[in-house]
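Visitor: Structure below; questions to follow.
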Amino acid sequence: MSTPQLKSFANSLICGLASLVLVASTLVSPASAVHPQLSSISPVGVQRGTEVEVIFSGNECDEAVEVMFYSPGFTVQSLEKSGDNQAKAKIAVAADCRLGIHALRLRSPSGMSGIKTFTVGALGETKEVEPNNDFATPQAVSLNTTVAGSVGNEDVDYYSVDLQEGQRLSVEIEALRLGNSYFDPYVAILNAERFELSRSDDAPLLNQDALCSIVAPTTGKYIIQVRESAYGGGSAYRMHVGSFPRPTAVLPAGGKPGEKLQVKWLGDAGGEFTTEVTIPAGDETGRGELFAQDDRGIAPSPNPIRVVDLNNYLEAEPNHEIANASAAAAPGAMNGVIGEPGDVDLFKFEAKQGQAYEVRVFARMPIRSPLDSVLQILNDKGQSIANNDDSGGPDSYLRFNVPSDGIYFVSVRDHLNSGGPTYVYRVELSPVQPELIFSLPERERYVATTLTVGKGNRMAVMVSAQRQNFGGDITLEAQNLPPGMSIQLPPFTGNRNEVPVLFTAAADAAPAGALVPLTGKSTDPNVNVTGKFRQRTMLIRGNNNSDVWGHDSDRMAVVLSEEIPFKLDLVQPKAPLVRNGSIDLKVVATRAEGFTGEIRVQLLYNPPGVASSSNITIPEGQNEALIPLTANGGAAIGSWQIVALGRARDPGAMQNDQQRGRRGGGSFEVATGFIDLNITDQFYKFTFDKSAVEQGKESDVLVKVEKLADFAGNAKCELKGLPAGVTVDGPVEFNKDTTEILIKVKSAADARPGKYNSLVCVTTFPVEGELVTHTLGTGEIRVDAPLPPKPAAPMAQAAPMPMPMPAAEAPPMKRLSRLEQLRLEKEQAMGK
């Protein structure tokens, strides 16, 4: 064995969701605001129908009080501390526990760990024994055994198994699917003369894990080779070695829930075979699983299928031309195999004008077929009227609006005209139906969002809704919350795809964990849709942080924790936030006795067009801070329910870490209650006249005012953005009837000449003791150097004085623009 290879891929153990909470004994340790950091599980797999002792390792794992599982079939019989950062659990695995990959979390009194995956198998287990890296001296294992081993850098593990002629040998490895590291395994089966009979790097069915299967040509010893595909480092693996069937495809690749079907298993070394199965229930995406089984065993992992309420139609070869297309009906599911290179399959169906169908090929996802599909819809003349190659992946999708009554055809082929006996596909042709999916946006990149709420406190998360084929208002409900926890959210209106959801825990609630389905529906009684929750947790990331392997969940993880030593409240503002304006929100902390730490504060979200600071702190020992908000000219007008979050370090956890010689320390996080942020349009609009001022002189800036809404009393206007050396004498007052504001400015003699487009006016007026602030601009001012003095002209002879005229009434003084002033000064200088 050797160390794992770092193939420039990031390992990431990320929070996910769990689906079954099982009771465990409580560990005696002080509660702190630290989430367990579950870094490893040993062993990484178990045999069903047995009891096993499992060690959970990672920071604060010794604080765990509960093991939470994704799926049924596990009973935690005991859970106790087994050392610093370790907990030990005795777990009974039911005899009918589902085979394959499972996931779990640990819950402490103050939080929940990220997901770790492990496997459940049907076979007895043995451990790798080193040295076994020489082909000549492999480790002997019995047929129908699961081997727990690991490989390191440039390491190769060899195992031997005895077979009778005609006996099937299937080998399947779980490595990358364990979710621990980017371990890309390679498996081969060789005979005693070292001739390779089967090999596998990436099996399409198993993502990047491997499987091999042979039928022994002679009685004798066969060697299994395991390594990392590039001879780099690897990690732990579990390898199933047996006579079990290992088909790589199933036809048809789906059915109705509860339906009994005759299915054909393809790709098995022993040849095709047929069994009757009952289609199980699928998940919220329509994904289901079937396990191949015969008298020699059961496959270690399932073949994915589609589970939807559509009738199946199977291809009948030959069906590569319109004349012999296989019969189908719409809606329906068309199932077949692109059996050889160049193969094209056609199905015919009847449709009526005005009908709309979604036509989707399922091949790579979820059924793990090697097919890269190309989809076409043809009319009865064989003309293509719709087509698609890839739609967000190798599978094809299109929406077909039927142009007229008639017969139409679905055509399926491989993009590269490849084909083979396992190139299975399923084309679902279904009516356009509404769909509603809820999810939790990430607050930290690549980390799935979970929820922890302290007793007597609050916490909030954003919930997003993806509507398909409908619009309008929807509802949202959270089921199975821990006792004593409640939920509050603003209306989920049709113009919103995300809303903040506030969770509150009663002061007398008991700490607990729960897996909470988020459901909802349209408020329109004519739209029949039930919302479902879906959350993706990436466990293995590849180049460019691509999602290589992860976990999907239909529930959100929720913890009701011990008390948190502070609460936060936002003070409801009385003044509105106006477009092109600003406002300060006051946040107030209520601290428990003895807690004085700094609290970092920020809004959970900003309404559209609003910006807020994310670097606000309530200093140590203080209780208040202001959160500045600004609104741009397109800010969404209306009343928005907003909430702020506060985070503080846990001094107890920090001290605990120091005692254990660790870095870090925990943190608390809470939310305020909702307040209403009222966003309005501007009360007035400003237009700046172009202005100019000469060095060392005074001038005016004229601002024209257009009233948009009434306001009471006087407003103050301060001119900002003046160039260096140009000053203004303080604010100017105006009221709702003002149409022009004249602001006097003065230039220093050394002010830099030039044109400056930076003038803005900051205006305020009071509403119930609070200020409504506008920041309006932009205006232009020019700083001019004085004109050079004119040379002295010769004295002109005085003209005779005219007879005096009767005095006329002086015209009213008119304000001259700067241009007019300059023209007048020039005329005076020239003696006009």
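In the structure tokens, chains take the letters A, B, ... in the order shown, each chain's residues start at 1, and ligands count up from 1 in the order shown.
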Find the residues around A:Pro483 up to 9 Å (only C-alpha atoms counted), leave out those fewer than 4 positions away in its own chain, and share them as a ChimeraX atom specification.
Guide: /A:505-506,509-510,512,560
Visitor: Would you output that residue set with C-alpha atoms, as a PDB file, in the first residue's frame?
Guide:
```
ATOM      1  CA  ALA A 505     -36.372  27.633  18.548  1.00  0.00           C
ATOM      2  CA  ALA A 506     -38.271  27.838  21.818  1.00  0.00           C
ATOM      3  CA  ALA A 509     -36.812  23.080  23.414  1.00  0.00           C
ATOM      4  CA  ALA A 510     -34.565  20.058  23.738  1.00  0.00           C
ATOM      5  CA  ALA A 512     -32.220  17.546  18.517  1.00  0.00           C
ATOM      6  CA  LEU A 560     -31.632  22.549  17.348  1.00  0.00           C
TER       7      LEU A 560
END
```
Visitor: Find the residues around A:Cys97 up to 6 Å (only C-alpha atoms counted), leave out those fewer than 2 positions away in its own chain, and share them as a compact mmCIF listing (two decimals) with C-alpha atoms, in the first residue's frame.
Guide:
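Everything below was put into part05.txt:
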```txt
# COMPACT_ATOMS: atom_id res chain seq x y z
CA GLY A 73 -31.49 -0.30 7.91
CA ALA A 94 -30.36 -5.00 8.99
CA ALA A 95 -30.32 -8.12 6.82
```
Visitor: When DSSP is applied to the backbone of this structure, which of stretch 210-424 of chain A are assigned strand (DSSP E)? Write them out as JSON, numbers by chain.
Guide: {"A": [211, 212, 213, 214, 215, 220, 221, 222, 223, 224, 225, 226, 227, 228, 236, 237, 238, 239, 240, 241, 242, 249, 250, 251, 254, 255, 260, 261, 262, 263, 264, 265, 266, 273, 274, 275, 276, 277, 278, 287, 288, 289, 290, 293, 294, 297, 298, 303, 304, 305, 306, 307, 312, 313, 314, 326, 327, 332, 333, 334, 335, 336, 337, 344, 345, 346, 347, 348, 349, 350, 351, 356, 357, 358, 359, 360, 361, 362, 373, 374, 375, 376, 377, 378, 384, 385, 386, 387, 388, 397, 398, 399, 400, 401, 406, 407, 408, 409, 410, 411, 412, 413, 414, 424]}
Visitor: Which one of A:Ile367, A:Val215, A:Val226, A:Leu515 sits closest to A:Pro245 if you count only C-alpha atoms?
Guide: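 Distance minimum relative to A:Pro245 lands on A:Val215.
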Visitor: Tell me which of A:Ala514, A:Ala748, A:Ile298, A:Val410 sits closest to A:Tyr70, counting only C-alpha atoms.
Guide: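 The closest residue to A:Tyr70 is A:Ala514.
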Visitor: Would you kindly return, as a tab-separated table (two decimals) with N, CA and C atoms, in the first residue's frame, each protein, DNA or RNA residue with an atom no farther than 7 Å from any atom of stretch 194-209 of chain A, considering only C-alpha atoms and excluding same-chain residues fewer than 5 positions away?
Guide:
```
chain	number	residue	atom	x	y	z
A	173	ILE	N	-15.06	-2.82	-7.70
A	173	ILE	CA	-14.34	-2.07	-6.68
A	173	ILE	C	-15.08	-0.78	-6.35
A	174	GLU	N	-15.09	-0.44	-5.09
A	174	GLU	CA	-15.60	0.85	-4.61
A	174	GLU	C	-14.41	1.64	-4.10
A	175	ALA	N	-14.11	2.73	-4.77
A	175	ALA	CA	-12.94	3.54	-4.41
A	175	ALA	C	-13.32	5.01	-4.43
A	176	LEU	N	-13.44	5.57	-5.64
A	176	LEU	CA	-13.87	6.97	-5.73
A	176	LEU	C	-15.24	7.15	-5.10
A	184	ASP	N	-8.71	7.00	-8.57
A	184	ASP	CA	-9.19	6.45	-9.84
A	184	ASP	C	-8.61	5.04	-9.98
A	185	PRO	N	-9.37	3.98	-9.66
A	185	PRO	CA	-8.80	2.64	-9.59
A	185	PRO	C	-8.73	1.95	-10.96
A	186	TYR	N	-7.85	0.98	-11.04
A	186	TYR	CA	-7.72	0.10	-12.20
A	186	TYR	C	-7.75	-1.32	-11.68
A	187	VAL	N	-8.53	-2.17	-12.36
A	187	VAL	CA	-8.66	-3.57	-11.96
A	187	VAL	C	-8.47	-4.44	-13.20
A	188	ALA	N	-7.78	-5.54	-13.04
A	188	ALA	CA	-7.60	-6.50	-14.13
A	188	ALA	C	-7.68	-7.92	-13.56
A	189	ILE	N	-8.14	-8.84	-14.40
A	189	ILE	CA	-8.15	-10.27	-14.08
A	189	ILE	C	-7.17	-10.95	-15.04
A	214	ILE	N	-15.49	-12.34	-15.89
A	214	ILE	CA	-15.10	-13.36	-16.85
A	214	ILE	C	-15.83	-14.66	-16.52
A	229	SER	N	-4.96	4.09	-11.44
A	229	SER	CA	-4.89	3.96	-12.89
A	229	SER	C	-3.58	4.47	-13.48
A	248	THR	N	-24.20	-4.72	-16.91
A	248	THR	CA	-23.93	-3.28	-16.94
A	248	THR	C	-25.10	-2.49	-17.51
A	368	ARG	N	-26.51	5.40	-16.89
A	368	ARG	CA	-25.08	5.14	-17.04
A	368	ARG	C	-24.75	4.34	-18.30
A	369	SER	N	-25.48	4.63	-19.37
A	369	SER	CA	-25.21	4.01	-20.66
A	369	SER	C	-24.05	4.73	-21.34
A	370	PRO	N	-23.26	4.04	-22.17
A	370	PRO	CA	-22.19	4.72	-22.92
A	370	PRO	C	-22.71	5.54	-24.09
```
